[in-house]
Each structure stands twice: as structure tokens, then as C-alpha cells.
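Trainee: Can you read through this structure? Questions will come right after.
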Amino acid sequence: MPAVKTTYLCQQCGAASPKWAGQCPACSAWNTLVETIAAPRSPGRTQSAARAVAGASVVTPIGRLTSAEASRLSSGFGEVNRVLGGGFVPGSIILFGGDPGIGKSTLLLQLAARIAAAGESVLYVTAEESPEQVRGRAERIGGVVDGLNLAATTDLDTALAAIESVSPALAVVDSVQTLTSPELSGPAGSVGQVREVAARMAEVAKAGRTCIALVGHVTKEGTVAGPRTLEHLVDAVIYLEGERLGSTRLLRAAKNRFGSTDEVGVLEMRGDGLAEVDDASRFFLESEETPTAGSAVTIALEGTRPLAVEIQALSAASSYGSPRRATTGIDVNRVLMLIAVLARHAGLNLSGHDVYVNVAGGLRIDEPAADLAIATALASSLRERPVRTGTVLAGEVALSGRLRAAMRAERRLLEATRLGFDRLVTGPARGERSASRQSGLVVAPDIRAALEATLEH
Ligand code: TYD
Ligand code: MG
């Protein structure tokens with residue numbers, strides 16, 4: 001084996017050092033040096049004739065190419081296809097990230113089995129679990145199918161050789177943290193190793209028609225070996241999210257060269273693996289026959305998809321000096337702002353109350369259009385008056401207490417109507433003429449008027 005040289009590259013300034021150090025000798029940044037295999041130099045002078053041949057071989061008339069769209073490989077799950085942008089693109093590399101135990105291996109094995117069942121060849125490289133463990137999971141999810149092959153190894157070169165020899169439509173690599181290249185001295189899961197695995201896998205994917213799905217234990221916050229180091233090496237980064245103890249799982253793209261990053265996929269963890277939910281939009285509604293105080297429904301737009309979501313608030317007289325404010329699924333600062341707006345512009349004083357706000361079903365909402373439903377749930381809880389039956393809310397609340405229409409209010413109203421609601425309370429759109437008002441759309445100028453139109457008397 002030729003002697004391989006490794007160097008330590010600074011992730012900040014790009015300087016190379018022969019030895020690892022805590023601080024980059026060039027730019028003085030801390031903990032930025034990553035073990036990297038030095039790029040092999042071509043021996044001697046490159047002959048210009050040889051170079052011309054190599055150059056010509058990479059040039060193709062655009063008319064002779066087919067677009068990636070035409071040949072997408074369906075994952076077998078509508079929700080996954082939605083997030084991928086239509087399906088797996090041959091010759092691409094995708095990172096599936098998520099917390100340990102969230103269901104990445106389960107999901108990828110299910111995708112592998114469905115694609116194999118559709119007649120394509122699939123290779124599942126398991127570097128974390130034994131083939132027997134994977135077989136056990138496959139039995140549980142109904143994934144023992146022809147065309148699905150397993151390769152158990154923790155050696156990067158062996159894994160690459162297996163992928164190249166089978167040349168499958170899809171190769172799953174589980175996980176990027178457990179494969180290692182012996183050429184690097186760092187342990188499995190170190191930044192240098194993880195980058196090397198991703199980079200070599202990307203090379204193999206690009207060279208053929210295999211789509212490679214890398215599994216990675218990474219979170220959005222991103223540890224050093226997290227997505228920030230890998231993001232530029234892969235075509236797409238998809239996160240599987242959810243509360244570990246809850247059963248809802250959301251798929252979101254943080255990067256996607258072949259589709260939008262706005263779409264969200266909704267799945268549910270069951271006893272036989274992950275399942276698509278029948279009506280994702282209805283999924284986040286806690287079905288209650290009689291409306292209760294402290295609950296308000298909004299229609300959130302996740303990408304192009306409207307989802308009806310219930311916001312639950314509880315206010316209770318606090319027994320300590322400074323009241324508690326706790327939220328799940330919503331930014332606590334947004335709630336603090338809305339509490340202040342309610343006090344100042346709607347005469348609702350929560351300063352002596354503990355406040356808890358929840359998004360039902362484990363969804364996280366970031367869009368300001370959820371403001372009105374959050375404020376209404378808070379007001380409803382404090383006044384002990386439920387929201388009128390059939391009402392949903394979507395609008396942004398300004399510090400002045402004035403409302404602004406939710407973006408694409410008509411689309412939201414349409415979805416609300418489909419789900420059996422008959423009124424969407426929102427704010428005025430900028431420059432809106434009264435002629436554009438639709439039946440069922442209730443436009444309130446400010447938070448006080450919105451509460452008046454929304455809460456039971
Ligand atoms: P797993 O796919 O191993 O997670 P990851 O690869 O992200 O670490 O799944 C872990 C959890 O999923 C485990 O706690 C058991 C649960 N699970 C189910 O609830 N149903 C199933 O059918 C399977 C296979 C797993
Ligand atoms: Mg796993």
C-alpha cells in the first residue's frame with residue numbers, strides 16, 4: 001500500500017498543518033483542525049495530449065443528457081418523496097440525520113425494502129448493528145424481500161467495494177459515524193473520519209447511478225462532526241425529528257439540491273415501523289367534541305402544505321414571586337411578547353400567572369402567522385371562555401396590538417373549510433380592498449377585536 005500522508009486542515013482558514021494542535025497556527029481559531037488525507041499529486045509532468053483526452057471525456061452536449069427528474073426513484077413513501085422533491089435522484093448522496101433512537105435505521109430499512117420490493121436492487125451497509133439485528137428489524141417491518149442485500153462491515157474501503165460490486169439503485173450506509181478509514185488515525189466518528197466517509201461515498205455516488213443514503217447521528221444544533229462539516233459534501237440533508245417518547249416523526253430537508261427545503265413529511269412510529277398518516281392536516285388536531293378554554297386552532301403553512309394545528313395554553317395563578325413561562329413547540333420569546341401585547345392592548349394581565357403553551361402533536365411552529373392563535377389560546381385560558389366552534393385563527397400580531405393577515409390566507413381558509421371549520425379570523429392584508437374578502441374570512445384590525453369575534457361570550 002502506498003504511504004498515505006495525512007495533514008490537518010483548518011476548517012476556518014484552510015491552512016494545513018503536519019500535526020494536530022488545539023489552535024490553528026495560521027488563524028489562531030480553536031478546535032478547527034481536522035485530520036484529512038492529502039490529495040494525491042499526479043506523478044511527474046502531465047502530458048498535454050493525455051490531458052486533452054481526459055478533458056474531452058467529460059464534455060457532453062446538453063441535448064444528449066437526460067434530466068434527473070426523469071429518472072427519480074420512488075421511495076415507496078409519499079411523505080418521503082415529498083421531502084426529497086419527488087424521489088431519490090440516481091447518482092446523488094443524501095444525509096439522513098437525527099437524534100439517536102429517533103428511527104433513522106427503521107426508516108431507511110423500510111425505504112430499502114420498498115424499493116427492493118419494487119424490483120430495484122438495494123444494498124444496506126450496516127456498520128452499527130449485526131446483520132441478525134437488522135434481519136430482526138426487517139421481520140418486524142415486513143422488510144424481508146428479494147433484492148435487499150446486507151453488508152456488515154465497519155471498514156470504509158470494504159463498504160465502498162461492496163457498493164461498487166453490487167452497483168445497487170440505492171445503498172444505505174448506517175452509519176457515517178461507525179465506518180472508518182484505516183488511513184486516518186482518528187477514531188470512528190471523529191470529524192476527519194466522518195468527512196472522509198462522506199467524501200469517498202460522494203465520489204462513488206457521482207461516478208455511477210447509485211443513490212447513497214448516509215445515516216448520521218446529528219442534530220440541527222450540530223456538534224463538530226455534525227451537519228456543518230458534511231453539508232457541503234452531500235446533495236441533500238434530511239432530518240428525522242420528533243419527541244422520543246411521542247410517536248409523531250417529521251421529515252424536513254435542511255438542504256436539497258433537487259427540491260425545496262420547505263416541505264415537511266409527517267410519519268408516525270408504530271409497532272411495525274414508520275407509517276404515513278392518513279390525513280396529515282388533521283393529524284395535529286386533538287379531537288375534542290366540546291371546545292375547551294385555552295385551546296385555539298391555527299392553519300400553519302409548512303412549505304406548501306397547510307396543517308391544522310392546535311395551540312394549547314394554560315394560565316394558573318402563580319405561587320412564587322416570578323411567574324413561570326414554559327413552551328413546547330413555540331419560541332418562548334414570542335409568547336413573552338404576546339403576553340405583553342395582551343396586557344397592553346387587550347386588558348388581559350397575566351403578570352401574576354404561570355403560563356404554559358404547547359403545540360399539540362409534537363410539531364414546532366416558527367411562522368408569525370401562529371401569533372393570533374397563541375394569543376387567543378392565552379386569552380381563552382385566562383378568561384375561561386372557549387373559542388367559538390368552527391373558528392380557526394391565522395395572523396401576525398404587532399407590538400401595537402394591530403393584526404396583519406397571514407400569508408396566503410385564502411389557501412389556509414380553504415383547508416380550514418375542508419376540515420369542517422367555517423371561519424378563519426385574520427388581520428387585514430396590506431393594501432387590501434374590501435372586495436377581496438371571502439365568505440368565512442373574518443378580518444379584525446387588532447387583537448382586541450379579534451378576541452371579541454373569537455371567544456364565546
Ligand atoms: P431506530 O431506527 O433504531 O433509531 P435510530 O437508528 O435513529 O437510532 O429506532 C429506535 C426506536 O424505534 C426504538 O426505540 C424502537 C422504536 N421502534 C418502534 O417503535 N417500532 C418499530 O417497528 C421499530 C423497528 C422500532
Ligand atoms: Mg440506527
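Quick note on naming: the chains in the C-alpha cells go A, B, ... in the order shown, residues restart at 1 in each chain, and ligands are numbered from 1 in order of appearance.
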Distance table requested - chain A against ligand 1, cut-off 7 Å, only C-alpha atoms and all ligand atoms: one row per qualifying residue with the closest atom pair and its distance in Å to one decimal, ordered by chain and rising residue number, as a Markdown table.

Mentor:
| residue | atom | partner | partner_atom_place_in_ligand_line | distance |
| --- | --- | --- | --- | --- |
| A:Gly98 | CA | ligand 1 | 7 (O) | 6.4 |
| A:Asp99 | CA | ligand 1 | 7 (O) | 6.2 |
| A:Pro100 | CA | ligand 1 | 8 (O) | 4.0 |
| A:Gly101 | CA | ligand 1 | 8 (O) | 3.3 |
| A:Ile102 | CA | ligand 1 | 7 (O) | 4.1 |
| A:Gly103 | CA | ligand 1 | 2 (O) | 3.3 |
| A:Lys104 | CA | ligand 1 | 7 (O) | 3.6 |
| A:Ser105 | CA | ligand 1 | 6 (O) | 3.6 |
| A:Thr106 | CA | ligand 1 | 2 (O) | 3.6 |
| A:Leu107 | CA | ligand 1 | 2 (O) | 6.4 |
| A:Arg137 | CA | ligand 1 | 24 (C) | 5.2 |
| A:Arg140 | CA | ligand 1 | 22 (O) | 5.9 |
| A:Ile141 | CA | ligand 1 | 22 (O) | 5.7 |
| A:Met269 | CA | ligand 1 | 19 (O) | 5.4 |
| A:Arg270 | CA | ligand 1 | 20 (N) | 5.0 |
| A:Gly271 | CA | ligand 1 | 20 (N) | 4.2 |
| A:Asp272 | CA | ligand 1 | 22 (O) | 3.7 |
| A:Gly273 | CA | ligand 1 | 22 (O) | 3.2 |
| A:Leu274 | CA | ligand 1 | 22 (O) | 6.7 |

Trainee: Can you spit out the residues from that selection as a PDB file, in the first residue's frame, using C-alpha atoms?

Mentor:
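Output contents, as saved in result.pdb:
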ATOM      1  CA  GLY A  98     -31.470  12.818  13.618  1.00  0.00           C
ATOM      2  CA  ASP A  99     -31.058  12.052  17.273  1.00  0.00           C
ATOM      3  CA  PRO A 100     -30.095   8.522  18.279  1.00  0.00           C
ATOM      4  CA  GLY A 101     -33.167   6.336  18.726  1.00  0.00           C
ATOM      5  CA  ILE A 102     -35.475   8.552  16.701  1.00  0.00           C
ATOM      6  CA  GLY A 103     -35.984   5.910  13.993  1.00  0.00           C
ATOM      7  CA  LYS A 104     -33.420   6.550  11.259  1.00  0.00           C
ATOM      8  CA  SER A 105     -32.428   2.901  10.843  1.00  0.00           C
ATOM      9  CA  THR A 106     -36.084   1.897  10.847  1.00  0.00           C
ATOM     10  CA  LEU A 107     -36.993   4.441   8.176  1.00  0.00           C
ATOM     11  CA  ARG A 137     -35.983  -5.364  12.436  1.00  0.00           C
ATOM     12  CA  ARG A 140     -40.863  -6.546  12.276  1.00  0.00           C
ATOM     13  CA  ILE A 141     -41.453  -4.083   9.439  1.00  0.00           C
ATOM     14  CA  MET A 269     -43.864   5.403  14.650  1.00  0.00           C
ATOM     15  CA  ARG A 270     -45.907   2.267  15.150  1.00  0.00           C
ATOM     16  CA  GLY A 271     -45.177  -1.285  16.218  1.00  0.00           C
ATOM     17  CA  ASP A 272     -44.339  -2.248  12.645  1.00  0.00           C
ATOM     18  CA  GLY A 273     -42.194   0.729  11.776  1.00  0.00           C
ATOM     19  CA  LEU A 274     -42.979   4.194  10.476  1.00  0.00           C
TER      20      LEU A 274
END

Trainee: Please provide the set of residues having any atom within 10 Å of Tyr320 in chain A, restricted to only C-alpha atoms, with same-chain residues fewer than 4 positions apart removed, written as a ChimeraX atom specification.

Mentor: /A:324,352-354

Trainee: Between A:Ala56, A:Cys211, A:Ala50, A:Ala188, which has the minimum distance to Ser74 in chain A (counting only C-alpha atoms)?

Mentor: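 Closest to Ser74 in chain A, using only C-alpha atoms: A:Cys211.
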
Trainee: Can you pull out the residues contacting Thr292 in chain A? Cut-off 8 Å, using only C-alpha atoms, and skip same-chain residues under 2 positions away; I want them as a ChimeraX atom specification.

Mentor: /A:290,294-295,385-387

Trainee: Okay, now the selection with N, CA, C and O atoms, as a CSV table (one decimal), in the first residue's frame?

Mentor:
chain,number,residue,atom,x,y,z
A,290,THR,N,-66.4,18.9,22.7
A,290,THR,CA,-66.8,20.2,23.2
A,290,THR,C,-65.6,21.1,23.3
A,290,THR,O,-64.5,20.7,23.7
A,294,GLY,N,-58.7,27.7,26.5
A,294,GLY,CA,-57.2,27.5,26.5
A,294,GLY,C,-56.8,26.8,25.2
A,294,GLY,O,-55.6,26.5,25.1
A,295,SER,N,-57.7,26.6,24.3
A,295,SER,CA,-57.3,25.9,23.1
A,295,SER,C,-57.7,26.7,21.8
A,295,SER,O,-58.8,27.2,21.8
A,385,ARG,N,-63.0,31.3,28.7
A,385,ARG,CA,-64.0,31.3,27.7
A,385,ARG,C,-63.5,30.6,26.4
A,385,ARG,O,-62.4,31.0,25.9
A,386,PRO,N,-64.1,29.5,26.0
A,386,PRO,CA,-63.6,28.8,24.8
A,386,PRO,C,-63.7,29.6,23.5
A,386,PRO,O,-64.5,30.5,23.4
A,387,VAL,N,-63.0,29.1,22.5
A,387,VAL,CA,-63.1,29.7,21.2
A,387,VAL,C,-64.4,29.2,20.6
A,387,VAL,O,-64.7,28.0,20.8

Trainee: Enumerate the residues of range 227-455 of chain A with a DSSP assignment of alpha helix (DSSP H), computed from the backbone, and present them as an MDAnalysis selection string.

Mentor: chainID A and resid 227:230 280:283 332:345 371:383 409:418 447:454

Trainee: Can you pull out every residue within 6 Å of Ala213 in chain A, counting only C-alpha atoms, but drop anything in the same chain fewer than 4 positions away, and send it as a JSON list (two decimals) with C-alpha atoms, in the first residue's frame?

Mentor:
[["chain", "number", "residue", "atom", "x", "y", "z"],
["A", 93, "ILE", "CA", -25.82, 11.35, -1.94],
["A", 94, "ILE", "CA", -28.20, 12.21, 0.89],
["A", 95, "LEU", "CA", -27.55, 12.53, 4.60],
["A", 172, "VAL", "CA", -27.92, 2.78, 2.68]]

Trainee: Calculate how many Å separate CA of Ala202 in chain A from CA of Glu241 in chain A, rounding to one decimal.

Mentor: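 Rounded to one decimal, the two atoms are 24.4 Å apart.
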
Trainee: Compile the contact shell of Trp20 in chain A as a short mmCIF file (atom, residue, chain, number, x, y, z; two decimals) with N, CA and C atoms, in the first residue's frame: residues with an atom at most 10 Å away, counting only C-alpha atoms, same-chain residues fewer than 2 positions apart removed.

Mentor:
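Just written: result-v2.cif:
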data_model
loop_
_atom_site.label_atom_id
_atom_site.label_comp_id
_atom_site.auth_asym_id
_atom_site.auth_seq_id
_atom_site.Cartn_x
_atom_site.Cartn_y
_atom_site.Cartn_z
N THR A 7 -2.80 15.24 6.68
CA THR A 7 -2.48 16.55 7.22
C THR A 7 -3.67 17.03 8.04
N TYR A 8 -3.49 18.13 8.69
CA TYR A 8 -4.58 18.69 9.49
C TYR A 8 -4.99 20.02 8.87
N LEU A 9 -6.20 20.05 8.33
CA LEU A 9 -6.68 21.24 7.64
C LEU A 9 -7.56 22.06 8.58
N CYS A 10 -7.32 23.37 8.57
CA CYS A 10 -8.15 24.25 9.39
C CYS A 10 -9.48 24.48 8.67
N ALA A 16 -2.94 24.21 6.19
CA ALA A 16 -2.60 22.83 6.50
C ALA A 16 -1.47 22.79 7.53
N SER A 17 -1.60 21.90 8.51
CA SER A 17 -0.53 21.70 9.48
C SER A 17 -0.16 20.22 9.47
N PRO A 18 1.11 19.90 9.70
CA PRO A 18 1.51 18.49 9.73
C PRO A 18 1.05 17.79 10.99
N GLY A 22 -4.51 22.24 19.15
CA GLY A 22 -5.80 22.77 19.60
C GLY A 22 -6.13 24.08 18.92
N GLN A 23 -5.09 24.82 18.54
CA GLN A 23 -5.30 26.13 17.94
C GLN A 23 -4.63 26.16 16.58
N CYS A 24 -5.30 26.74 15.59
CA CYS A 24 -4.71 26.81 14.25
C CYS A 24 -3.53 27.77 14.28
N ASN A 31 -9.87 24.59 17.95
CA ASN A 31 -10.57 23.36 17.58
C ASN A 31 -11.08 23.33 16.14
N THR A 32 -10.28 23.82 15.23
CA THR A 32 -10.74 23.84 13.84
C THR A 32 -9.90 22.91 12.96
N LEU A 33 -8.85 22.30 13.52
CA LEU A 33 -8.01 21.42 12.70
C LEU A 33 -8.65 20.04 12.57
N VAL A 34 -8.75 19.54 11.34
CA VAL A 34 -9.38 18.26 11.08
C VAL A 34 -8.45 17.39 10.25
N GLU A 35 -8.28 16.15 10.71
CA GLU A 35 -7.40 15.23 10.00
C GLU A 35 -7.95 14.95 8.61
#

Trainee: For ligand 2, which of A:Val297, A:Met407, A:Val125, A:Val197 is the closest residue, counting only C-alpha atoms and all ligand atoms?

Mentor: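 Comparing A:Val297, A:Met407, A:Val125, A:Val197 against ligand 2, the winner is A:Val125.
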
Trainee: So how many Å separate CA of Ile365 in chain A and CA of Val397 in chain A, to one decimal?

Mentor: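 That distance, rounded to one decimal, is 15.2 Å.
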
Trainee: When you look at Gly401 in chain A with a cut-off of 7 Å (counting only C-alpha atoms), what residues show up, excluding the ones that are within fewer than 6 positions of it in the same chain? I need them as a list in words.

Mentor: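 Final neighbour list, sorted by chain and number: Val341, His345, Asp446 and Ile447 of chain A.
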
Trainee: Just the residues within 6 Å of Val215 in chain A, please, counting only C-alpha atoms, with nothing from its chain fewer than 6 positions along; format it as a list of chain:residue names.

Mentor: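 Counting only the stated atoms, we get A:Leu95, A:Phe96, A:Asp174, A:Ser175, A:Val176.
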
Trainee: For those residues, write N, CA and C atoms to a file as an mmCIF file, in the first residue's frame.

Mentor:
data_model
loop_
_atom_site.group_PDB
_atom_site.id
_atom_site.type_symbol
_atom_site.label_atom_id
_atom_site.label_comp_id
_atom_site.auth_asym_id
_atom_site.auth_seq_id
_atom_site.Cartn_x
_atom_site.Cartn_y
_atom_site.Cartn_z
ATOM 1 N N LEU A 95 -27.800 12.798 3.175
ATOM 2 C CA LEU A 95 -27.554 12.532 4.599
ATOM 3 C C LEU A 95 -28.877 12.561 5.351
ATOM 4 N N PHE A 96 -29.189 11.462 6.033
ATOM 5 C CA PHE A 96 -30.361 11.413 6.904
ATOM 6 C C PHE A 96 -29.884 11.576 8.336
ATOM 7 N N ASP A 174 -25.279 2.826 7.190
ATOM 8 C CA ASP A 174 -25.760 3.056 8.551
ATOM 9 C C ASP A 174 -24.670 2.663 9.542
ATOM 10 N N SER A 175 -23.849 3.553 10.029
ATOM 11 C CA SER A 175 -23.965 4.983 9.913
ATOM 12 C C SER A 175 -22.626 5.589 9.524
ATOM 13 N N VAL A 176 -22.653 6.856 9.207
ATOM 14 C CA VAL A 176 -21.450 7.561 8.792
ATOM 15 C C VAL A 176 -20.464 7.666 9.953
#

Trainee: Between A:Ala296, A:Ala162, A:Leu109, A:Val392, which one has atoms that come closest to ligand 2, using only C-alpha atoms and all ligand atoms?

Mentor: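 Residue with the minimum atom-to-atom distance to ligand 2: A:Leu109.
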
Trainee: Identify which of the residues A:Ala406, A:Val218, A:Ala449, A:Leu245 lies closest to ligand 2, counting only C-alpha atoms and all ligand atoms when measuring atom-to-atom distances.

Mentor: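 With only C-alpha atoms and all ligand atoms as the atom set, the closest residue is A:Val218.
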
Trainee: Any chance you could list, as a PDB file with N, CA and C atoms, in the first residue's frame, the residues in range 138-210 of chain A that come up strand (DSSP E) when DSSP is run on the backbone?

Mentor:
ATOM      1  N   LEU A 148     -33.064  -7.122  -1.572  1.00  0.00           N
ATOM      2  CA  LEU A 148     -32.458  -6.336  -0.483  1.00  0.00           C
ATOM      3  C   LEU A 148     -31.298  -7.130   0.101  1.00  0.00           C
ATOM      4  N   ASN A 149     -30.089  -6.606  -0.037  1.00  0.00           N
ATOM      5  CA  ASN A 149     -28.897  -7.291   0.460  1.00  0.00           C
ATOM      6  C   ASN A 149     -28.275  -6.524   1.612  1.00  0.00           C
ATOM      7  N   LEU A 150     -27.671  -7.269   2.525  1.00  0.00           N
ATOM      8  CA  LEU A 150     -26.993  -6.649   3.655  1.00  0.00           C
ATOM      9  C   LEU A 150     -25.497  -6.832   3.527  1.00  0.00           C
ATOM     10  N   ALA A 151     -24.737  -5.851   3.957  1.00  0.00           N
ATOM     11  CA  ALA A 151     -23.296  -5.974   4.061  1.00  0.00           C
ATOM     12  C   ALA A 151     -22.911  -5.463   5.433  1.00  0.00           C
ATOM     13  N   ALA A 152     -22.265  -6.308   6.230  1.00  0.00           N
ATOM     14  CA  ALA A 152     -21.875  -5.876   7.572  1.00  0.00           C
ATOM     15  C   ALA A 152     -20.382  -5.617   7.593  1.00  0.00           C
ATOM     16  N   LEU A 170     -30.082   1.839  -4.785  1.00  0.00           N
ATOM     17  CA  LEU A 170     -29.944   2.580  -3.525  1.00  0.00           C
ATOM     18  C   LEU A 170     -28.994   1.833  -2.605  1.00  0.00           C
ATOM     19  N   ALA A 171     -28.045   2.565  -2.019  1.00  0.00           N
ATOM     20  CA  ALA A 171     -27.207   1.986  -0.972  1.00  0.00           C
ATOM     21  C   ALA A 171     -27.431   2.802   0.288  1.00  0.00           C
ATOM     22  N   VAL A 172     -27.762   2.106   1.380  1.00  0.00           N
ATOM     23  CA  VAL A 172     -27.916   2.779   2.679  1.00  0.00           C
ATOM     24  C   VAL A 172     -26.649   2.522   3.470  1.00  0.00           C
ATOM     25  N   VAL A 173     -26.071   3.546   4.050  1.00  0.00           N
ATOM     26  CA  VAL A 173     -24.871   3.389   4.861  1.00  0.00           C
ATOM     27  C   VAL A 173     -25.217   3.808   6.290  1.00  0.00           C
ATOM     28  N   ASP A 174     -25.279   2.826   7.190  1.00  0.00           N
ATOM     29  CA  ASP A 174     -25.760   3.056   8.551  1.00  0.00           C
ATOM     30  C   ASP A 174     -24.670   2.663   9.542  1.00  0.00           C
TER      31      ASP A 174
END

Trainee: Using only C-alpha atoms for the distances, tell me which of A:Gly390, A:Thr229, A:Thr327, A:Thr6 is nearest to Val191 in chain A.

Mentor: A:Thr229

Trainee: Just checking: using only C-alpha atoms and all ligand atoms, which residue out of A:Leu451, A:Leu214, A:Ala275, A:Met201 ends up closest to ligand 2?

Mentor: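 Checking each of A:Leu451, A:Leu214, A:Ala275, A:Met201 against ligand 2, counting only C-alpha atoms and all ligand atoms, the winner is A:Leu214.
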
Trainee: Take CA of Thr298 in chain A and CA of Glu268 in chain A and report the distance between them in Å, one decimal.

Mentor: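 That distance, rounded to one decimal, is 21.4 Å.
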